[in-house]
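Engineer: input26.txt (compact mmCIF, C-alpha atoms and all ligand atoms) pasted underneath:
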```txt
# COMPACT_ATOMS: atom_id res chain seq x y z
CA MET C 1 0.00 0.00 0.00
CA THR C 2 1.47 3.29 -1.06
CA ASP C 3 0.03 6.76 -0.89
CA GLY C 4 -0.74 7.50 -4.53
CA ILE C 5 0.04 11.01 -5.74
CA ARG C 6 -0.32 14.16 -3.63
CA ILE C 7 -0.27 17.68 -4.99
CA GLU C 8 -0.06 20.03 -2.02
CA ARG C 9 -0.60 23.80 -2.22
CA VAL C 10 1.02 23.88 -5.65
CA THR C 11 1.32 27.25 -7.35
CA LYS C 12 2.49 27.84 -10.92
CA ARG C 13 3.37 31.21 -12.39
CA TYR C 14 4.59 32.03 -15.88
CA GLY C 15 6.24 35.43 -15.69
CA GLY C 16 3.78 37.59 -13.78
CA GLN C 17 0.79 35.39 -14.64
CA VAL C 18 -0.58 32.96 -12.06
CA LEU C 19 -1.85 29.80 -13.76
CA PHE C 20 -2.98 28.21 -10.50
CA ALA C 21 -2.44 29.02 -6.85
CA ASP C 22 -2.36 26.66 -3.85
CA VAL C 23 -4.07 23.72 -5.58
CA ASP C 24 -4.44 20.44 -3.70
CA LEU C 25 -5.21 17.05 -5.18
CA HIS C 26 -4.82 13.55 -3.76
CA VAL C 27 -4.92 10.65 -6.20
CA ARG C 28 -5.46 7.72 -3.84
CA ASP C 29 -3.45 4.55 -4.12
CA GLY C 30 -4.96 2.45 -6.93
CA GLU C 31 -7.33 5.19 -8.00
CA PHE C 32 -8.06 6.30 -11.58
CA LEU C 33 -8.55 10.07 -11.30
CA VAL C 34 -9.53 12.09 -14.36
CA ILE C 35 -8.88 15.82 -14.70
CA VAL C 36 -11.14 17.70 -17.11
CA GLY C 37 -11.27 21.41 -17.87
CA PRO C 38 -11.31 23.90 -20.71
CA SER C 39 -8.34 24.32 -23.05
CA GLY C 40 -5.55 26.36 -21.48
CA CYS C 41 -6.71 25.89 -17.87
CA GLY C 42 -3.41 24.25 -16.91
CA LYS C 43 -4.08 20.51 -17.06
CA SER C 44 -0.92 19.63 -18.98
CA THR C 45 1.15 22.00 -16.87
CA LEU C 46 -0.04 20.24 -13.71
CA MET C 47 0.86 16.86 -15.25
CA ARG C 48 4.30 18.15 -16.26
CA ILE C 49 4.83 19.38 -12.69
CA VAL C 50 4.03 15.94 -11.30
CA ALA C 51 6.26 14.36 -13.95
CA GLY C 52 9.12 16.70 -13.05
CA ILE C 53 9.42 18.29 -16.50
CA GLU C 54 8.15 21.63 -15.18
CA PRO C 55 9.23 23.12 -11.85
CA VAL C 56 6.64 24.30 -9.30
CA SER C 57 6.63 27.98 -8.27
CA ALA C 58 5.61 26.83 -4.79
CA GLY C 59 4.19 23.74 -3.10
CA ARG C 60 4.97 20.06 -2.85
CA VAL C 61 4.45 16.86 -4.85
CA THR C 62 4.67 13.37 -3.35
CA VAL C 63 4.49 10.00 -5.10
CA GLY C 64 4.04 6.88 -3.01
CA GLY C 65 4.59 8.96 0.14
CA LYS C 66 7.97 10.27 -1.06
CA ASP C 67 8.58 13.98 -1.59
CA VAL C 68 9.60 14.26 -5.26
CA THR C 69 9.10 18.02 -5.66
CA HIS C 70 12.69 18.50 -6.76
CA ALA C 71 13.49 14.96 -7.94
CA HIS C 72 14.67 14.17 -11.48
CA PRO C 73 11.81 12.91 -13.74
CA GLY C 74 13.44 9.48 -14.00
CA ASP C 75 13.62 9.09 -10.22
CA ARG C 76 9.95 9.76 -9.45
CA GLY C 77 8.57 6.27 -9.99
CA ILE C 78 6.16 7.61 -12.58
CA GLY C 79 5.20 6.22 -16.00
CA MET C 80 4.02 8.75 -18.55
CA VAL C 81 1.77 8.32 -21.57
CA PHE C 82 1.11 11.53 -23.44
CA GLN C 83 -0.92 12.50 -26.51
CA ASP C 84 2.21 12.69 -28.59
CA TYR C 85 3.58 9.20 -27.96
CA ALA C 86 7.05 10.25 -29.05
CA LEU C 87 8.20 6.71 -29.77
CA TYR C 88 11.74 6.48 -31.14
CA PRO C 89 11.09 5.98 -34.88
CA HIS C 90 14.43 4.29 -35.59
CA LEU C 91 14.03 1.72 -32.78
CA SER C 92 11.91 -1.43 -32.99
CA VAL C 93 8.98 -1.99 -30.62
CA GLU C 94 11.34 -4.05 -28.50
CA GLY C 95 13.94 -1.25 -28.53
CA ASN C 96 11.33 1.30 -27.54
CA LEU C 97 10.11 -0.86 -24.67
CA ALA C 98 13.62 -1.56 -23.41
CA PHE C 99 14.98 1.97 -23.81
CA GLY C 100 14.22 3.29 -20.29
CA LEU C 101 15.37 0.08 -18.62
CA ARG C 102 18.68 0.06 -20.53
CA ALA C 103 19.22 3.70 -19.60
CA HIS C 104 18.81 2.66 -15.96
CA HIS C 105 21.24 -0.27 -16.36
CA VAL C 106 18.63 -2.91 -15.55
CA PRO C 107 20.19 -6.39 -16.04
CA LYS C 108 19.65 -7.95 -19.50
CA ASP C 109 17.72 -11.01 -18.34
CA VAL C 110 15.32 -8.82 -16.31
CA ILE C 111 14.74 -6.65 -19.40
CA ARG C 112 14.07 -9.75 -21.53
CA GLN C 113 11.53 -11.07 -19.01
CA ARG C 114 9.72 -7.76 -18.68
CA ILE C 115 9.50 -7.29 -22.46
CA GLU C 116 7.98 -10.75 -22.71
CA ASP C 117 5.42 -10.04 -19.94
CA THR C 118 4.52 -6.54 -21.11
CA SER C 119 4.17 -7.42 -24.77
CA ARG C 120 1.99 -10.42 -23.90
CA VAL C 121 -0.32 -8.32 -21.71
CA LEU C 122 -0.65 -5.67 -24.42
CA GLY C 123 -1.00 -8.06 -27.36
CA LEU C 124 2.26 -6.92 -28.93
CA ALA C 125 4.20 -10.18 -28.70
CA ASP C 126 4.28 -10.66 -32.49
CA GLN C 127 5.05 -6.99 -33.25
CA LEU C 128 8.37 -6.70 -31.39
CA ARG C 129 10.57 -6.48 -34.53
CA LYS C 130 8.50 -3.74 -36.21
CA LYS C 131 9.31 -0.03 -36.21
CA PRO C 132 6.65 2.44 -34.99
CA GLY C 133 6.02 3.52 -38.60
CA GLN C 134 4.84 -0.02 -39.41
CA LEU C 135 2.22 -0.08 -36.64
CA SER C 136 -1.42 0.98 -36.47
CA GLY C 137 -2.43 3.91 -34.25
CA GLY C 138 -3.79 1.57 -31.59
CA GLN C 139 -0.60 -0.53 -31.61
CA ARG C 140 1.55 2.59 -31.26
CA GLN C 141 -0.63 3.67 -28.37
CA ARG C 142 -0.08 0.29 -26.71
CA VAL C 143 3.69 0.55 -27.17
CA ALA C 144 3.56 3.95 -25.44
CA LEU C 145 1.59 2.38 -22.59
CA GLY C 146 4.00 -0.58 -22.50
CA ARG C 147 7.00 1.74 -22.30
CA ALA C 148 5.43 3.28 -19.16
CA MET C 149 4.36 -0.08 -17.68
CA ILE C 150 7.67 -1.83 -18.13
CA ARG C 151 9.32 0.45 -15.58
CA GLU C 152 6.80 -0.86 -13.01
CA PRO C 153 6.05 2.67 -11.81
CA ALA C 154 4.30 3.61 -8.58
CA ALA C 155 1.88 5.77 -10.59
CA TYR C 156 0.90 6.69 -14.15
CA LEU C 157 0.35 10.07 -15.75
CA MET C 158 -1.71 10.07 -18.94
CA ASP C 159 -2.37 13.31 -20.82
CA GLU C 160 -5.00 12.82 -23.55
CA PRO C 161 -3.41 9.52 -24.61
CA LEU C 162 -6.32 8.60 -26.89
CA SER C 163 -6.97 11.90 -28.64
CA ASN C 164 -4.90 11.05 -31.72
CA LEU C 165 -6.96 7.94 -32.45
CA ASP C 166 -10.04 7.72 -34.65
CA ALA C 167 -13.43 7.32 -32.96
CA ALA C 168 -13.73 3.52 -33.20
CA LEU C 169 -10.18 2.91 -32.00
CA ARG C 170 -10.69 5.35 -29.14
CA VAL C 171 -13.66 3.32 -27.91
CA GLN C 172 -11.61 0.14 -28.09
CA MET C 173 -8.55 1.63 -26.36
CA ARG C 174 -10.77 3.17 -23.70
CA ALA C 175 -12.08 -0.28 -22.86
CA GLU C 176 -8.52 -1.66 -22.86
CA LEU C 177 -7.31 1.05 -20.50
CA ILE C 178 -10.21 0.45 -18.11
CA GLU C 179 -9.44 -3.26 -18.17
CA PHE C 180 -5.72 -2.56 -17.69
CA HIS C 181 -6.52 -0.48 -14.62
CA ARG C 182 -8.88 -3.09 -13.13
CA ARG C 183 -6.16 -5.68 -13.54
CA THR C 184 -3.15 -3.74 -12.30
CA LYS C 185 -4.87 -1.48 -9.73
CA GLY C 186 -2.28 1.16 -10.58
CA THR C 187 -2.62 4.78 -9.52
CA VAL C 188 -3.54 6.81 -12.59
CA LEU C 189 -3.82 10.57 -13.09
CA TYR C 190 -5.50 11.07 -16.47
CA VAL C 191 -6.28 14.22 -18.44
CA THR C 192 -8.95 14.34 -21.12
CA HIS C 193 -11.18 16.67 -23.12
CA ASP C 194 -13.57 13.83 -23.76
CA GLN C 195 -16.62 13.79 -21.50
CA VAL C 196 -17.30 10.15 -22.18
CA GLU C 197 -13.78 9.24 -21.06
CA ALA C 198 -14.21 11.33 -17.93
CA MET C 199 -17.55 9.76 -17.06
CA THR C 200 -16.63 6.15 -17.86
CA MET C 201 -12.98 5.84 -16.85
CA GLY C 202 -12.67 7.89 -13.69
CA ASP C 203 -13.17 6.54 -10.18
CA ARG C 204 -13.32 10.27 -9.51
CA VAL C 205 -13.33 13.32 -11.76
CA ALA C 206 -11.67 16.63 -10.92
CA VAL C 207 -12.95 19.68 -12.81
CA LEU C 208 -10.22 22.31 -13.21
CA ASN C 209 -11.27 25.87 -14.08
CA GLU C 210 -9.56 29.23 -13.73
CA GLY C 211 -6.77 27.97 -11.55
CA GLU C 212 -8.79 25.90 -9.10
CA PHE C 213 -10.67 22.65 -8.82
CA ALA C 214 -14.34 23.58 -9.09
CA GLN C 215 -15.34 20.09 -7.90
CA ILE C 216 -13.79 16.69 -7.24
CA GLY C 217 -16.14 13.72 -7.00
CA THR C 218 -17.37 10.49 -8.54
CA PRO C 219 -18.75 10.84 -12.08
CA THR C 220 -22.28 10.41 -10.67
CA GLU C 221 -21.78 13.14 -8.04
CA ILE C 222 -20.36 15.55 -10.60
CA TYR C 223 -23.21 14.91 -13.02
CA GLU C 224 -26.11 14.76 -10.57
CA GLN C 225 -24.92 17.28 -7.99
CA PRO C 226 -22.70 19.78 -9.83
CA ALA C 227 -21.22 22.26 -7.36
CA THR C 228 -21.31 25.23 -9.74
CA VAL C 229 -22.91 26.42 -12.97
CA PHE C 230 -19.53 25.87 -14.62
CA VAL C 231 -19.41 22.18 -13.67
CA ALA C 232 -23.10 21.77 -14.56
CA THR C 233 -22.61 23.13 -18.06
CA PHE C 234 -19.13 21.71 -18.73
CA LEU C 235 -20.23 18.08 -18.41
CA GLY C 236 -23.26 16.92 -20.35
CA SER C 237 -24.04 17.31 -24.03
CA PRO C 238 -26.21 19.09 -25.03
CA GLN C 239 -25.52 21.14 -21.96
CA MET C 240 -27.85 21.80 -19.03
CA ASN C 241 -30.70 24.28 -19.61
CA LEU C 242 -30.50 27.35 -17.36
CA ILE C 243 -33.34 29.78 -16.74
CA GLU C 244 -33.16 32.98 -14.70
CA ALA C 245 -35.90 33.08 -12.07
CA THR C 246 -37.01 34.78 -8.91
CA ALA C 247 -37.53 32.67 -5.78
CA ARG C 248 -40.05 33.74 -3.13
CA ALA C 249 -40.57 31.69 0.00
CA ASP C 250 -43.98 31.50 1.62
CA ALA C 251 -45.72 29.24 4.15
CA ASP C 252 -46.08 26.27 1.75
CA GLY C 253 -42.68 26.35 0.09
CA VAL C 254 -41.15 28.40 -2.67
CA GLU C 255 -42.56 29.94 -5.79
CA LEU C 256 -40.19 30.29 -8.74
CA THR C 257 -41.19 32.78 -11.38
CA GLY C 258 -39.40 33.77 -14.58
CA GLY C 259 -40.86 34.71 -17.95
CA ASP C 260 -44.12 32.83 -18.16
CA LEU C 261 -42.96 30.15 -15.74
CA ARG C 262 -44.60 29.80 -12.37
CA TRP C 263 -43.33 26.76 -10.51
CA ARG C 264 -44.20 25.78 -6.93
CA LEU C 265 -41.56 23.83 -5.04
CA PRO C 266 -41.69 22.23 -1.59
CA ARG C 267 -39.77 23.80 1.24
CA LEU C 268 -36.16 24.64 0.37
CA PRO C 269 -33.17 25.89 2.39
CA ASP C 270 -34.01 29.24 4.02
CA ASP C 271 -30.93 30.95 2.61
CA LEU C 272 -32.09 30.58 -1.00
CA PRO C 273 -31.32 33.90 -2.71
CA GLU C 274 -34.12 35.74 -4.48
CA SER C 275 -32.34 35.67 -7.81
CA VAL C 276 -31.61 32.09 -8.91
CA ARG C 277 -30.71 30.15 -12.00
CA VAL C 278 -32.84 27.05 -12.49
CA GLY C 279 -31.02 24.20 -14.21
CA PHE C 280 -32.35 21.00 -15.79
CA ARG C 281 -30.70 18.69 -18.27
CA PRO C 282 -32.09 18.07 -21.77
CA GLU C 283 -32.93 14.45 -20.87
CA SER C 284 -35.09 15.78 -18.02
CA VAL C 285 -37.47 17.54 -20.40
CA ARG C 286 -40.27 15.02 -20.98
CA VAL C 287 -42.99 14.95 -23.57
CA GLN C 288 -45.30 13.08 -21.19
CA ALA C 289 -45.82 13.90 -17.50
CA ASP C 290 -44.55 11.22 -15.08
CA ASP C 291 -46.51 12.17 -11.99
CA GLY C 292 -48.12 15.11 -10.19
CA SER C 293 -44.81 16.64 -9.10
CA ASP C 294 -43.63 17.40 -12.66
CA LEU C 295 -43.21 21.04 -13.53
CA PRO C 296 -44.78 22.21 -16.80
CA ILE C 297 -43.14 24.30 -19.55
CA GLU C 298 -45.09 25.57 -22.53
CA ALA C 299 -42.85 25.73 -25.57
CA THR C 300 -42.76 25.61 -29.36
CA VAL C 301 -40.47 23.29 -31.30
CA SER C 302 -38.08 25.42 -33.40
CA TYR C 303 -36.45 22.41 -34.99
CA ARG C 304 -35.55 18.82 -34.32
CA GLU C 305 -32.32 16.86 -34.81
CA ASN C 306 -32.97 13.18 -35.44
CA LEU C 307 -29.86 11.29 -34.34
CA GLY C 308 -31.24 7.80 -34.88
CA ASN C 309 -31.07 6.63 -31.27
CA GLU C 310 -32.64 9.85 -29.95
CA SER C 311 -33.98 13.20 -31.04
CA ILE C 312 -32.84 16.61 -29.85
CA LEU C 313 -35.68 19.15 -29.78
CA HIS C 314 -34.77 22.83 -29.88
CA LEU C 315 -37.58 24.66 -28.11
CA ARG C 316 -38.56 28.27 -27.42
CA ASP C 317 -40.75 29.03 -24.45
CA ASP C 318 -43.28 31.86 -24.57
CA ALA C 319 -40.71 34.27 -23.14
CA GLY C 320 -38.42 33.47 -26.11
CA ARG C 321 -35.87 31.48 -24.13
CA ALA C 322 -34.11 28.55 -25.79
CA ILE C 323 -34.59 25.15 -24.14
CA VAL C 324 -33.15 21.86 -25.37
CA ALA C 325 -34.89 18.52 -24.88
CA ARG C 326 -33.54 15.06 -25.56
CA VAL C 327 -36.33 12.59 -26.28
CA PRO C 328 -36.68 9.05 -27.66
CA PRO C 329 -36.44 8.92 -31.48
CA ARG C 330 -39.51 9.93 -33.48
CA THR C 331 -41.42 11.14 -30.42
CA GLY C 332 -42.68 14.56 -29.38
CA PRO C 333 -44.37 17.33 -31.30
CA ARG C 334 -43.37 18.33 -34.84
CA ASP C 335 -41.49 21.45 -35.92
CA GLY C 336 -43.56 24.58 -35.27
CA GLU C 337 -45.95 22.85 -32.86
CA ARG C 338 -46.57 24.19 -29.38
CA ALA C 339 -46.86 21.76 -26.48
CA THR C 340 -46.56 21.36 -22.74
CA PHE C 341 -43.32 19.68 -21.66
CA HIS C 342 -42.62 18.35 -18.16
CA VAL C 343 -39.58 18.48 -15.88
CA PRO C 344 -39.51 16.20 -12.82
CA LEU C 345 -38.93 18.14 -9.62
CA ALA C 346 -36.15 15.70 -8.66
CA ASP C 347 -34.19 16.71 -11.80
CA LEU C 348 -34.06 20.42 -10.90
CA HIS C 349 -30.92 22.29 -9.80
CA LEU C 350 -30.90 25.76 -8.27
CA PHE C 351 -27.83 28.00 -8.46
CA GLY C 352 -27.23 31.33 -6.73
CA PRO C 353 -26.10 34.54 -8.47
CA ASP C 354 -22.50 33.58 -7.55
CA GLY C 355 -22.88 30.43 -9.68
CA ARG C 356 -22.74 28.04 -6.70
CA ALA C 357 -25.32 25.29 -6.35
CA ARG C 358 -27.85 25.84 -3.57
CA TRP C 359 -30.16 22.90 -4.06
CA HIS C 360 -30.42 19.72 -6.11
CA GLY C 361 -33.79 18.06 -6.61
CA ALA C 362 -32.16 14.63 -6.42
CA ARG C 363 -31.70 15.41 -2.75
CA LEU C 364 -35.48 15.50 -2.24
CA GLY C 365 -35.60 11.89 -1.21
CA THR C 366 -32.93 12.44 1.41
CA GLY C 367 -34.75 15.36 3.03
CA GLY C 368 -33.34 18.11 0.82
CA GLU C 369 -30.83 19.21 3.44
CA PRO C 370 -28.48 22.06 2.50
CA LEU C 371 -25.46 20.97 0.50
CA PRO C 372 -21.99 21.08 2.03
CA TRP C 373 -20.80 23.63 -0.51
CA SER C 374 -23.79 25.96 -0.03
CA ALA C 375 -22.70 26.82 3.50
N1 LIG Z 401 6.34 27.62 -20.94
C1 LIG Z 401 5.29 28.44 -20.84
N2 LIG Z 401 5.43 29.77 -20.72
C2 LIG Z 401 4.37 30.60 -20.61
N3 LIG Z 401 3.09 30.18 -20.62
C3 LIG Z 401 2.87 28.86 -20.73
C4 LIG Z 401 3.93 27.91 -20.85
N4 LIG Z 401 3.41 26.66 -20.94
C5 LIG Z 401 2.07 26.83 -20.89
N5 LIG Z 401 1.75 28.13 -20.77
C6 LIG Z 401 0.38 28.69 -20.64
O1 LIG Z 401 -0.27 28.10 -19.55
C7 LIG Z 401 -1.62 27.86 -19.82
C8 LIG Z 401 -1.97 26.40 -19.56
O2 LIG Z 401 -1.38 25.56 -20.51
P1 LIG Z 401 -1.61 23.99 -20.47
O3 LIG Z 401 -0.87 23.40 -21.60
O4 LIG Z 401 -1.32 23.49 -19.12
O5 LIG Z 401 -3.19 23.94 -20.74
P2 LIG Z 401 -4.14 22.66 -20.89
O6 LIG Z 401 -5.18 22.78 -19.84
O7 LIG Z 401 -3.36 21.41 -20.96
O8 LIG Z 401 -4.82 22.97 -22.31
P3 LIG Z 401 -5.25 21.93 -23.48
O9 LIG Z 401 -6.57 21.36 -23.03
O10 LIG Z 401 -5.43 22.85 -24.65
O11 LIG Z 401 -4.18 20.91 -23.66
C9 LIG Z 401 -1.85 28.30 -21.26
O12 LIG Z 401 -2.44 29.58 -21.24
C10 LIG Z 401 -0.47 28.33 -21.84
O13 LIG Z 401 -0.38 29.31 -22.84
MG MG Z 402 -2.99 19.95 -22.46
```
I'd like the structure from this file rewritten - as structure tokens, please.

Structural biologist:
Amino acid sequence: MTDGIRIERVTKRYGGQVLFADVDLHVRDGEFLVIVGPSGCGKSTLMRIVAGIEPVSAGRVTVGGKDVTHAHPGDRGIGMVFQDYALYPHLSVEGNLAFGLRAHHVPKDVIRQRIEDTSRVLGLADQLRKKPGQLSGGQRQRVALGRAMIREPAAYLMDEPLSNLDAALRVQMRAELIEFHRRTKGTVLYVTHDQVEAMTMGDRVAVLNEGEFAQIGTPTEIYEQPATVFVATFLGSPQMNLIEATARADADGVELTGGDLRWRLPRLPDDLPESVRVGFRPESVRVQADDGSDLPIEATVSYRENLGNESILHLRDDAGRAIVARVPPRTGPRDGERATFHVPLADLHLFGPDGRARWHGARLGTGGEPLPWSA
């Protein structure tokens, strides 16, 4: 049992610009933790800091309980797989796999054994003589993974390792990586742009935005109880609908009004601000009401996208606001038709003017107590 990877109060500045300040992250031993965030938010920089390719401006990094903040990249016990695999083109697969071990003067028979084991696990046993240029994209990706594995590192860093692959291969390699992790129980810190990768691969997901982690949680927590408007809209496609509304508490609960909407909700936390943003995901907009607690929206279908397995309806409510609904294929009203849609109360999210979540409908069943981050 080791301690995984710890990033403690790490700050990074380029010139006078602060990229992030005092960030903390603990990737637990054996955990697969996925970092997502917009382009330029510092994901790769954070990975390079952990790898030792980029110095910290302040703070500490530990791997397996050892302080490696100022250690040489090769002495950190970390295996790296990056988007640009950077295999040595003039070396065979075998040469690429062995390169790091030879550089570290690992005995020849140990190298031979590890190449045999690694190439068998990754299905590369009959490709060892080939050069990278003679391999498929997926095979090259596996060599890059093998080159990291063969060092038997305490932890892995992977920065968009699948983004150079075509869609079908990405799905296949995603499954292989998940299986690899289940089997090896290695500690993995993984960066991706791809929502599906974040949702399906991560034990936990960390959402990085503007120099801080907006939320760190399981994929389900992040999706069902997003801590901020940013998290709510960053994950999920099409993104969550948001409507400005006014909340007024009275004896029986809360009335939300905005445009032509007038929704009654049961009792909510007392500190609910008057000005709120009401969020609900496209899949929460139903053509048919489920039960009496559904909230109605009158809207007209602007146009429909038929995707085969589902349809995306682009709606306008009577106040002219755009709302997106995701419905089963070939269901719902036609273009130009006006209809009443329904949103289950349990699927509602309320955000304050500061963008922080104040209430999630999914919490109804558990008493709707205030959320930890609304305090
Ligand atoms: N050596 C450097 N000097 C100055 N600024 C840099 C340097 N390296 C990166 N940056 C800046 O730091 C910011 C974060 O870059 P980084 O590569 O970490 O982003 P990222 O989150 O990985 O983005 P992407 O999703 O596009 O890969 C960017 O604004 C980038 O321009
Ligand atoms: Mg990057």

Engineer: Using all atoms listed in the file, which residues of the polymer chains come no farther than 9 Å from ligand MG 402 (chain Z)? I'd like the answer as a VMD selection string.

Structural biologist: chain C and resid 39 to 45 47 83 159 to 160 191 to 193

Engineer: Excluding Gly259 (chain C) and residues on its chain fewer than 3 positions from it, collect all residues at most 8 Å away from it, counting all atoms listed in the file, and give them as a list in words.

Structural biologist: Ala245, Asp318 and Ala319 of chain C

Engineer: Taking 3 positions as the minimum chain separation for residues in the same chain, which residues sit within 12 Å of Gly320 (chain C) when counting all atoms listed in the file? Answer as JSON, numbers by chain.

Structural biologist: {"C": [243, 258, 259, 260, 261, 298, 299, 300, 301, 302, 314, 315, 316, 317, 323]}

Engineer: Any idea what's packed within 6 Å of region 140-152 of chain C, counting all atoms listed in the file, ignoring anything in its chain fewer than 5 positions away? Could you give it as an NGL selection string?

Structural biologist: :C and (79-80 or 85 or 97)

Engineer: Select all residues near (-23.2, 27.0, -13.4) (cut-off 9 Å, inclusive, file coordinates), counting all atoms listed in the file, and output them as an NGL selection string.

Structural biologist: :C and (226-234 or 240 or 242 or 277 or 279 or 351-352 or 354-357)

Engineer: Emit the selected residues as a CSV table (one decimal), keeping the file's coordinate frame, including C-alpha atoms.

Structural biologist:
```
chain,number,residue,atom,x,y,z
C,226,PRO,CA,-22.7,19.8,-9.8
C,227,ALA,CA,-21.2,22.3,-7.4
C,228,THR,CA,-21.3,25.2,-9.7
C,229,VAL,CA,-22.9,26.4,-13.0
C,230,PHE,CA,-19.5,25.9,-14.6
C,231,VAL,CA,-19.4,22.2,-13.7
C,232,ALA,CA,-23.1,21.8,-14.6
C,233,THR,CA,-22.6,23.1,-18.1
C,234,PHE,CA,-19.1,21.7,-18.7
C,240,MET,CA,-27.8,21.8,-19.0
C,242,LEU,CA,-30.5,27.4,-17.4
C,277,ARG,CA,-30.7,30.2,-12.0
C,279,GLY,CA,-31.0,24.2,-14.2
C,351,PHE,CA,-27.8,28.0,-8.5
C,352,GLY,CA,-27.2,31.3,-6.7
C,354,ASP,CA,-22.5,33.6,-7.6
C,355,GLY,CA,-22.9,30.4,-9.7
C,356,ARG,CA,-22.7,28.0,-6.7
C,357,ALA,CA,-25.3,25.3,-6.4
```

Engineer: If we count all atoms listed in the file and set the cut-off at 9 Å, which residues sit around Gly123 (chain C), ignoring sequence neighbours fewer than 4 positions away in its own chain? Please answer as an MDAnalysis selection string.

Structural biologist: chainID C and resid 118:119 127 139 142

Engineer: Kindly indicate which residue among C:Leu135, C:Ile78, C:Leu208, C:Ala339 lies nearest to ligand LIG 401 (chain Z), using all atoms listed in the file for the distances.

Structural biologist: C:Leu208
